[in-house]
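Structure first, then comments.
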Amino acid sequence: MRYQRWFTPWVLVIPALTWLLVFNLWPSINTVILSFTNAKPLGGGTFVGLKNFETLLHDEQLRWALLNSVIYMVVCLPFLTIIPLLLAVLVEKKLPGITFFRTAFYTPVVASAVVVALIWQWILDDRGLVNGLAEKLGVISGPLPFLSDQWLLLLSAISLTIWKGLGYYMIIYLAALGNVGRELHEAAAVDGANALRRFVHITIPGVRGTMILISILISVSALRVFSELFILSGGKGGPGGRDNSVVMLIQQYSQGFEGNLGYASALSIVLFFVTVVPMLVLARLNRRGAEA
Amino acid sequence: MTVVTDPARPVAVPPEPGTPKRRRSGTFGFNTVSPREKVARYVLLVFVLLITIGPFLWQLSTSLKGSGEDIYTRIPRLLPSQPTFDHYKAVADTIPVWDYARNSLVVAVLVVGGNVIGASLAGFAISRLQFKGRKLVLGLFLATLVLPGEVTIISQYVTVREFGLANTLFGVALPGMIGALNVLLMYNAFRSLPIEVDQAAIVDGANAWQRFLFIGLPSVRGTISVVAIFAFIGAWDDFLWPLIVLTDPDKYTLTVGLQYLSGTFSNNPRLIAAGTMIAFIPIVIVFATLQRFFFKGVEEGAVKG
């Protein structure tokens, strides 16, 4: 039974639906169309067939970008699935002042990636805080080139991503911890299980579904990394452009007279397939776990 | 008419932080924290606090250190010995930083407004009104979630360019003005209202608009504030999209402007520190002011997605 004129729901839905069609669905189709052209950032372009995809196969920068993305994902995953859960357990108990700590831990999430990357650029500078302290303590004799060595730069960006993500995943775990039965914890405590055993045998299984969701989020966002690497490398993608991510390459081809939106679209399609893989793998893992 | 309780408000009011809890001696209560555990927890909390907040304080300190002060000292000094606001003025002399802040604000306000209105209208219709094609519409919104925004960013730019909005602030704001995720969040929030409330309103003769304005909206304030907070933060912090759309340095938003500043004048860390603080402090104030709505929304389940 309906209680309104037939068009009322559509009037409410149409703004959002328009946005969805114009700015989500059409661009997805258009990305595929554009990838067969050599469209320019300022307009124009012609059909070039599979040329962009042939170029992809021989693009050395893309190979580095894909390698960087995989390293990024593999290093981020363990840190960002485990530390935020420990933090969530830490801030779960409502001690006096806990709201302050929760808010403070979330601050790096709220700050722009550009802001935090510029802060870290200064901390990791040749004469910055980290090198200064390490030299003072005699750990190193000369400054470590955090921002100019290919691998140290990648590692710095990864640490920055992990540091910035802790609060975000902590909050998701915190919401999930609320659903883990308190009775289980109490029963286990009465039976003499210590905090560590309760964490391993009650908390972790209780948030298993959330953990898989978080793993998907971490993997996808690691593969999409842009601002951290862009700012830390001064927009240059590190020595020889070997510290680019796929999104950085897309951005580079999106601008100027040298730009090529057709090739950038072909790179976008690569990005799509790269991000779909971990989603499928982890979703499958989830299903298998649910059946078992 | 039925009074609808706000689901944003937790049913059981948690004890105010700061009120001293009487420790029941002798009981092995699960909620009581032993003094030793309390100390351990606070030590850990402060340790994590240093890691998360430390870098921001260091940057703030750098921005306030006088030009004559050695910022490279081997023993780091957190408190400036010659505190000054000169570098904040110097940033404004180097780049039009206040214009950039205004540009960011314009984009953020457009995005917040668009999302609050567009997402709540659509979310209400999909969850509370019966119509043909409802399932299909919901499916379309769900389907876009697997698509990372960066994948379509190039063709989105082409679309905005076709509208003649390349290199405009409106072009920066436009695509994000109604996010699919926000529509789904609102859909989820409206859905948790009991259907009997709607039925009672229909019996009372309320039409769809009245049910939206007087029943639906007041009961999803928690989720609306989460949508608004995230839309604001997202727009204010965004970097890649404005970097692609804007070519004219006069029109930059703060994040793009900061990158411009650091690329051109990177020899003075104090200046860049002042610039980052100009971008950082407003968002912290916004978040600190609204954090209770945010954490309430989290309890309500608005973040789980």
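If you're wondering about the labels, chains in the structure tokens are A, B, ... by order shown, residues count from 1 in each chain, ligands from 1 in order shown.
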Do a neighbour search on Gly49 (chain A) at 10 Å with only C-alpha atoms, toss out local chain neighbours closer than 3 positions, and write the hits as a PyMOL selection string. chain A and resi 35-38+46+52-54
Write the selection just made, keeping all heavy atoms, as a compact mmCIF listing (two decimals), in the first residue's frame?
# COMPACT_ATOMS: atom_id res chain seq x y z
N SER A 35 40.12 5.32 -22.23
CA SER A 35 41.38 4.57 -22.26
C SER A 35 41.75 4.12 -23.67
O SER A 35 42.88 3.70 -23.90
CB SER A 35 41.29 3.37 -21.32
OG SER A 35 40.38 2.44 -21.84
N PHE A 36 40.81 4.23 -24.61
CA PHE A 36 41.12 3.89 -26.01
C PHE A 36 41.43 5.14 -26.84
O PHE A 36 41.47 5.07 -28.06
CB PHE A 36 39.95 3.13 -26.65
CG PHE A 36 39.72 1.78 -26.04
CD1 PHE A 36 38.65 1.56 -25.19
CD2 PHE A 36 40.60 0.73 -26.29
CE1 PHE A 36 38.44 0.32 -24.60
CE2 PHE A 36 40.40 -0.52 -25.71
CZ PHE A 36 39.32 -0.72 -24.86
N THR A 37 41.60 6.28 -26.15
CA THR A 37 41.88 7.53 -26.88
C THR A 37 43.19 8.14 -26.38
O THR A 37 43.81 7.62 -25.45
CB THR A 37 40.77 8.58 -26.63
OG1 THR A 37 40.88 9.02 -25.28
CG2 THR A 37 39.39 8.00 -26.87
N ASN A 38 43.58 9.24 -27.00
CA ASN A 38 44.71 10.01 -26.47
C ASN A 38 44.23 11.40 -26.03
O ASN A 38 44.89 12.40 -26.28
CB ASN A 38 45.83 10.11 -27.50
CG ASN A 38 45.39 10.84 -28.75
OD1 ASN A 38 44.22 11.23 -28.86
ND2 ASN A 38 46.30 11.02 -29.69
N THR A 46 41.87 11.64 -30.05
CA THR A 46 41.31 10.71 -31.04
C THR A 46 41.44 9.29 -30.55
O THR A 46 42.19 8.99 -29.61
CB THR A 46 42.06 10.82 -32.39
OG1 THR A 46 43.45 10.74 -32.12
CG2 THR A 46 41.72 12.12 -33.09
N ASN A 52 47.35 2.51 -25.68
CA ASN A 52 47.65 2.80 -24.27
C ASN A 52 47.98 1.54 -23.49
O ASN A 52 48.85 1.56 -22.62
CB ASN A 52 46.45 3.50 -23.62
CG ASN A 52 46.28 4.91 -24.12
OD1 ASN A 52 47.26 5.58 -24.42
ND2 ASN A 52 45.03 5.34 -24.25
N PHE A 53 47.26 0.46 -23.80
CA PHE A 53 47.48 -0.78 -23.06
C PHE A 53 48.80 -1.41 -23.43
O PHE A 53 49.46 -2.05 -22.61
CB PHE A 53 46.30 -1.73 -23.27
CG PHE A 53 45.03 -1.18 -22.67
CD1 PHE A 53 44.13 -0.47 -23.45
CD2 PHE A 53 44.76 -1.33 -21.32
CE1 PHE A 53 42.99 0.07 -22.90
CE2 PHE A 53 43.62 -0.80 -20.76
CZ PHE A 53 42.72 -0.09 -21.55
N GLU A 54 49.22 -1.21 -24.70
CA GLU A 54 50.55 -1.70 -25.09
C GLU A 54 51.62 -0.92 -24.34
O GLU A 54 52.61 -1.50 -23.86
CB GLU A 54 50.75 -1.55 -26.60
CG GLU A 54 50.05 -2.64 -27.40
CD GLU A 54 49.87 -2.25 -28.86
OE1 GLU A 54 50.66 -1.42 -29.35
OE2 GLU A 54 48.93 -2.76 -29.49
Compile the contact shell of region 204-219 of chain A as a PyMOL selection string: residues with an atom at most 9 Å away, counting only C-alpha atoms, same-chain residues fewer than 3 positions apart removed. (chain A and resi 72-74+76-78+80-82+85+165+169+172-173+176-177+179-181+198-201+222-224+275+278-279+282-283+285-286+290) or (chain B and resi 304)
Could I get the residues of chain B with an atom no further than 6 Å from an atom of chain A, each paired with its nearest atom pair and that distance in Å to one decimal, using only C-alpha atoms, sorted by chain and residue number, as a Markdown table?
| residue | atom | partner | partner_atom | distance |
| --- | --- | --- | --- | --- |
| B:Pro17 | CA | A:Pro96 | CA | 4.8 |
| B:Gly18 | CA | A:Pro96 | CA | 4.8 |
| B:Thr52 | CA | A:Phe105 | CA | 5.9 |
| B:Arg74 | CA | A:Gly132 | CA | 5.1 |
| B:Gly118 | CA | A:Ala16 | CA | 5.7 |
| B:Leu121 | CA | A:Leu12 | CA | 5.1 |
| B:Ala122 | CA | A:Val13 | CA | 4.4 |
| B:Ala125 | CA | A:Pro9 | CA | 5.3 |
| B:Val151 | CA | A:Ser268 | CA | 4.7 |
| B:Thr152 | CA | A:Pro27 | CA | 5.6 |
| B:Ser155 | CA | A:Pro27 | CA | 5.1 |
| B:Gln156 | CA | A:Pro27 | CA | 5.6 |
| B:Pro175 | CA | A:Phe23 | CA | 5.8 |
| B:Ile178 | CA | A:Ala16 | CA | 5.9 |
| B:Asp237 | CA | A:Ser112 | CA | 4.3 |
| B:Thr276 | CA | A:Val115 | CA | 5.4 |
I need the chosen residues saved as an mmCIF file, in the first residue's frame, with all heavy atoms.
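Output file selection12.cif is given in full below:
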data_model
loop_
_atom_site.group_PDB
_atom_site.id
_atom_site.type_symbol
_atom_site.label_atom_id
_atom_site.label_comp_id
_atom_site.auth_asym_id
_atom_site.auth_seq_id
_atom_site.Cartn_x
_atom_site.Cartn_y
_atom_site.Cartn_z
ATOM 1 N N PRO B 17 32.474 11.815 32.591
ATOM 2 C CA PRO B 17 33.897 11.653 32.879
ATOM 3 C C PRO B 17 34.309 12.705 33.899
ATOM 4 O O PRO B 17 33.873 13.848 33.824
ATOM 5 C CB PRO B 17 34.564 11.897 31.518
ATOM 6 C CG PRO B 17 33.518 12.522 30.661
ATOM 7 C CD PRO B 17 32.185 12.180 31.230
ATOM 8 N N GLY B 18 35.084 12.321 34.814
ATOM 9 C CA GLY B 18 35.528 13.290 35.806
ATOM 10 C C GLY B 18 34.863 13.094 37.170
ATOM 11 O O GLY B 18 35.411 13.484 38.180
ATOM 12 N N THR B 52 50.919 10.378 19.143
ATOM 13 C CA THR B 52 49.941 10.920 18.193
ATOM 14 C C THR B 52 49.959 12.447 18.147
ATOM 15 O O THR B 52 49.781 13.034 17.096
ATOM 16 C CB THR B 52 48.509 10.456 18.540
ATOM 17 O OG1 THR B 52 48.277 10.674 19.918
ATOM 18 C CG2 THR B 52 48.310 9.009 18.202
ATOM 19 N N ARG B 74 70.720 20.169 18.430
ATOM 20 C CA ARG B 74 70.759 18.723 18.634
ATOM 21 C C ARG B 74 69.834 18.285 19.760
ATOM 22 O O ARG B 74 69.237 17.236 19.711
ATOM 23 C CB ARG B 74 72.187 18.287 18.978
ATOM 24 C CG ARG B 74 73.139 18.355 17.806
ATOM 25 C CD ARG B 74 73.105 17.050 17.041
ATOM 26 N NE ARG B 74 74.303 16.888 16.221
ATOM 27 C CZ ARG B 74 75.395 16.302 16.651
ATOM 28 N NH1 ARG B 74 75.458 15.823 17.879
ATOM 29 N NH2 ARG B 74 76.437 16.188 15.871
ATOM 30 N N GLY B 118 20.839 16.349 0.227
ATOM 31 C CA GLY B 118 20.646 15.307 -0.778
ATOM 32 C C GLY B 118 20.610 13.908 -0.198
ATOM 33 O O GLY B 118 19.757 13.098 -0.556
ATOM 34 N N LEU B 121 17.343 13.311 2.019
ATOM 35 C CA LEU B 121 16.145 13.132 1.179
ATOM 36 C C LEU B 121 16.127 11.728 0.564
ATOM 37 O O LEU B 121 15.145 10.985 0.691
ATOM 38 C CB LEU B 121 16.129 14.164 0.046
ATOM 39 C CG LEU B 121 15.788 15.615 0.398
ATOM 40 C CD1 LEU B 121 15.949 16.502 -0.823
ATOM 41 C CD2 LEU B 121 14.372 15.714 0.939
ATOM 42 N N ALA B 122 17.235 11.365 -0.079
ATOM 43 C CA ALA B 122 17.269 10.074 -0.761
ATOM 44 C C ALA B 122 17.213 8.921 0.234
ATOM 45 O O ALA B 122 16.481 7.946 0.033
ATOM 46 C CB ALA B 122 18.532 9.975 -1.613
ATOM 47 N N ALA B 125 13.652 8.454 1.357
ATOM 48 C CA ALA B 125 12.785 7.860 0.349
ATOM 49 C C ALA B 125 13.051 6.363 0.199
ATOM 50 O O ALA B 125 12.125 5.554 0.155
ATOM 51 C CB ALA B 125 12.981 8.567 -0.992
ATOM 52 N N VAL B 151 39.788 5.850 -9.209
ATOM 53 C CA VAL B 151 39.656 5.159 -10.484
ATOM 54 C C VAL B 151 38.918 6.037 -11.499
ATOM 55 O O VAL B 151 39.248 6.051 -12.678
ATOM 56 C CB VAL B 151 38.932 3.807 -10.295
ATOM 57 C CG1 VAL B 151 38.552 3.201 -11.634
ATOM 58 C CG2 VAL B 151 39.813 2.845 -9.526
ATOM 59 N N THR B 152 37.911 6.796 -11.011
ATOM 60 C CA THR B 152 37.112 7.586 -11.945
ATOM 61 C C THR B 152 37.513 9.055 -11.944
ATOM 62 O O THR B 152 36.859 9.878 -12.571
ATOM 63 C CB THR B 152 35.619 7.488 -11.584
ATOM 64 O OG1 THR B 152 35.461 7.823 -10.214
ATOM 65 C CG2 THR B 152 35.086 6.107 -11.837
ATOM 66 N N SER B 155 37.993 10.714 -15.537
ATOM 67 C CA SER B 155 36.793 10.984 -16.327
ATOM 68 C C SER B 155 35.853 11.936 -15.589
ATOM 69 O O SER B 155 35.072 12.649 -16.217
ATOM 70 C CB SER B 155 36.085 9.700 -16.716
ATOM 71 O OG SER B 155 35.912 8.892 -15.608
ATOM 72 N N GLN B 156 35.968 11.969 -14.247
ATOM 73 C CA GLN B 156 35.202 12.969 -13.507
ATOM 74 C C GLN B 156 35.691 14.371 -13.876
ATOM 75 O O GLN B 156 34.898 15.296 -14.035
ATOM 76 C CB GLN B 156 35.404 12.749 -12.009
ATOM 77 C CG GLN B 156 34.119 12.749 -11.251
ATOM 78 C CD GLN B 156 34.316 12.222 -9.858
ATOM 79 O OE1 GLN B 156 35.207 12.648 -9.143
ATOM 80 N NE2 GLN B 156 33.487 11.290 -9.464
ATOM 81 N N PRO B 175 31.251 17.363 -7.642
ATOM 82 C CA PRO B 175 31.083 15.906 -7.652
ATOM 83 C C PRO B 175 30.868 15.314 -6.262
ATOM 84 O O PRO B 175 30.209 14.292 -6.116
ATOM 85 C CB PRO B 175 32.396 15.393 -8.239
ATOM 86 C CG PRO B 175 32.978 16.549 -8.943
ATOM 87 C CD PRO B 175 32.546 17.754 -8.194
ATOM 88 N N ILE B 178 26.877 15.076 -3.277
ATOM 89 C CA ILE B 178 26.020 14.020 -2.712
ATOM 90 C C ILE B 178 26.777 12.707 -2.838
ATOM 91 O O ILE B 178 26.893 12.148 -3.922
ATOM 92 C CB ILE B 178 24.660 13.906 -3.430
ATOM 93 C CG1 ILE B 178 23.955 15.269 -3.480
ATOM 94 C CG2 ILE B 178 23.768 12.891 -2.712
ATOM 95 C CD1 ILE B 178 22.618 15.231 -4.186
ATOM 96 N N ASP B 237 40.200 18.618 3.784
ATOM 97 C CA ASP B 237 41.487 17.924 3.707
ATOM 98 C C ASP B 237 41.835 17.460 2.302
ATOM 99 O O ASP B 237 42.972 17.059 2.054
ATOM 100 C CB ASP B 237 41.476 16.689 4.626
ATOM 101 C CG ASP B 237 41.510 17.066 6.095
ATOM 102 O OD1 ASP B 237 41.736 18.252 6.380
ATOM 103 O OD2 ASP B 237 41.323 16.176 6.938
ATOM 104 N N THR B 276 51.186 25.091 7.778
ATOM 105 C CA THR B 276 50.455 23.856 8.120
ATOM 106 C C THR B 276 49.530 24.102 9.309
ATOM 107 O O THR B 276 48.427 23.563 9.354
ATOM 108 C CB THR B 276 51.409 22.695 8.456
ATOM 109 O OG1 THR B 276 52.331 23.127 9.446
ATOM 110 C CG2 THR B 276 52.152 22.220 7.234
#
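The coordinates place CA of Phe280 (chain B) at 19.7 Å from CA of Arg292 (chain B).
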Residues at most 8 Å from region 247-259 of chain B, counting only C-alpha atoms, excluding those fewer than 4 positions away in the same chain, as a list in words? Ser112, Val114, Val115 and Ile231 of chain A; Ile95, Pro96, Val97, Asp99, Tyr100, Ala101, Arg102, Asn103, Ser104, Asn167, Thr168, Leu169, Trp236, Asp237, Asp238, Phe239, Pro242, Leu243, Gly263, Ile272, Gly275, Thr276 and Ala279 of chain B
Between CA of Leu57 (chain A) and CA of Leu249 (chain A), what is the distance in Å, rounded to a tenth? 14.6 Å
Record the distance separating CA of Tyr263 (chain A) and CA of Arg161 (chain B), expressed in Å with one decimal. 17.8 Å
Selection near Ala166 (chain B), 8 Å with only C-alpha atoms, sequence-local residues under 2 positions removed, as a PyMOL selection string: chain B and resi 157+160-161+163-164+168+171+245-246
With N, CA and C atoms retained, write the just-selected residues as a compact mmCIF listing (two decimals), in the first residue's frame.
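Generated output (part17.txt):
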# COMPACT_ATOMS: atom_id res chain seq x y z
N TYR B 157 37.00 14.49 -14.03
CA TYR B 157 37.56 15.77 -14.45
C TYR B 157 37.04 16.13 -15.85
N VAL B 160 33.51 17.44 -15.46
CA VAL B 160 33.49 18.79 -14.90
C VAL B 160 33.98 19.80 -15.95
N ARG B 161 34.95 19.40 -16.76
CA ARG B 161 35.45 20.28 -17.82
C ARG B 161 34.37 20.54 -18.86
N PHE B 163 31.27 20.67 -18.35
CA PHE B 163 30.32 21.63 -17.77
C PHE B 163 30.90 23.04 -17.74
N GLY B 164 32.13 23.19 -18.18
CA GLY B 164 32.78 24.50 -18.14
C GLY B 164 33.23 24.89 -16.74
N THR B 168 37.49 26.00 -11.41
CA THR B 168 36.59 26.80 -10.56
C THR B 168 36.38 26.07 -9.24
N GLY B 171 33.52 23.69 -9.41
CA GLY B 171 33.92 22.43 -10.01
C GLY B 171 34.58 21.50 -9.00
N VAL B 245 41.76 19.75 -10.58
CA VAL B 245 40.79 20.69 -11.15
C VAL B 245 41.36 22.11 -11.27
N LEU B 246 42.11 22.54 -10.23
CA LEU B 246 42.54 23.94 -10.19
C LEU B 246 43.92 24.12 -10.82
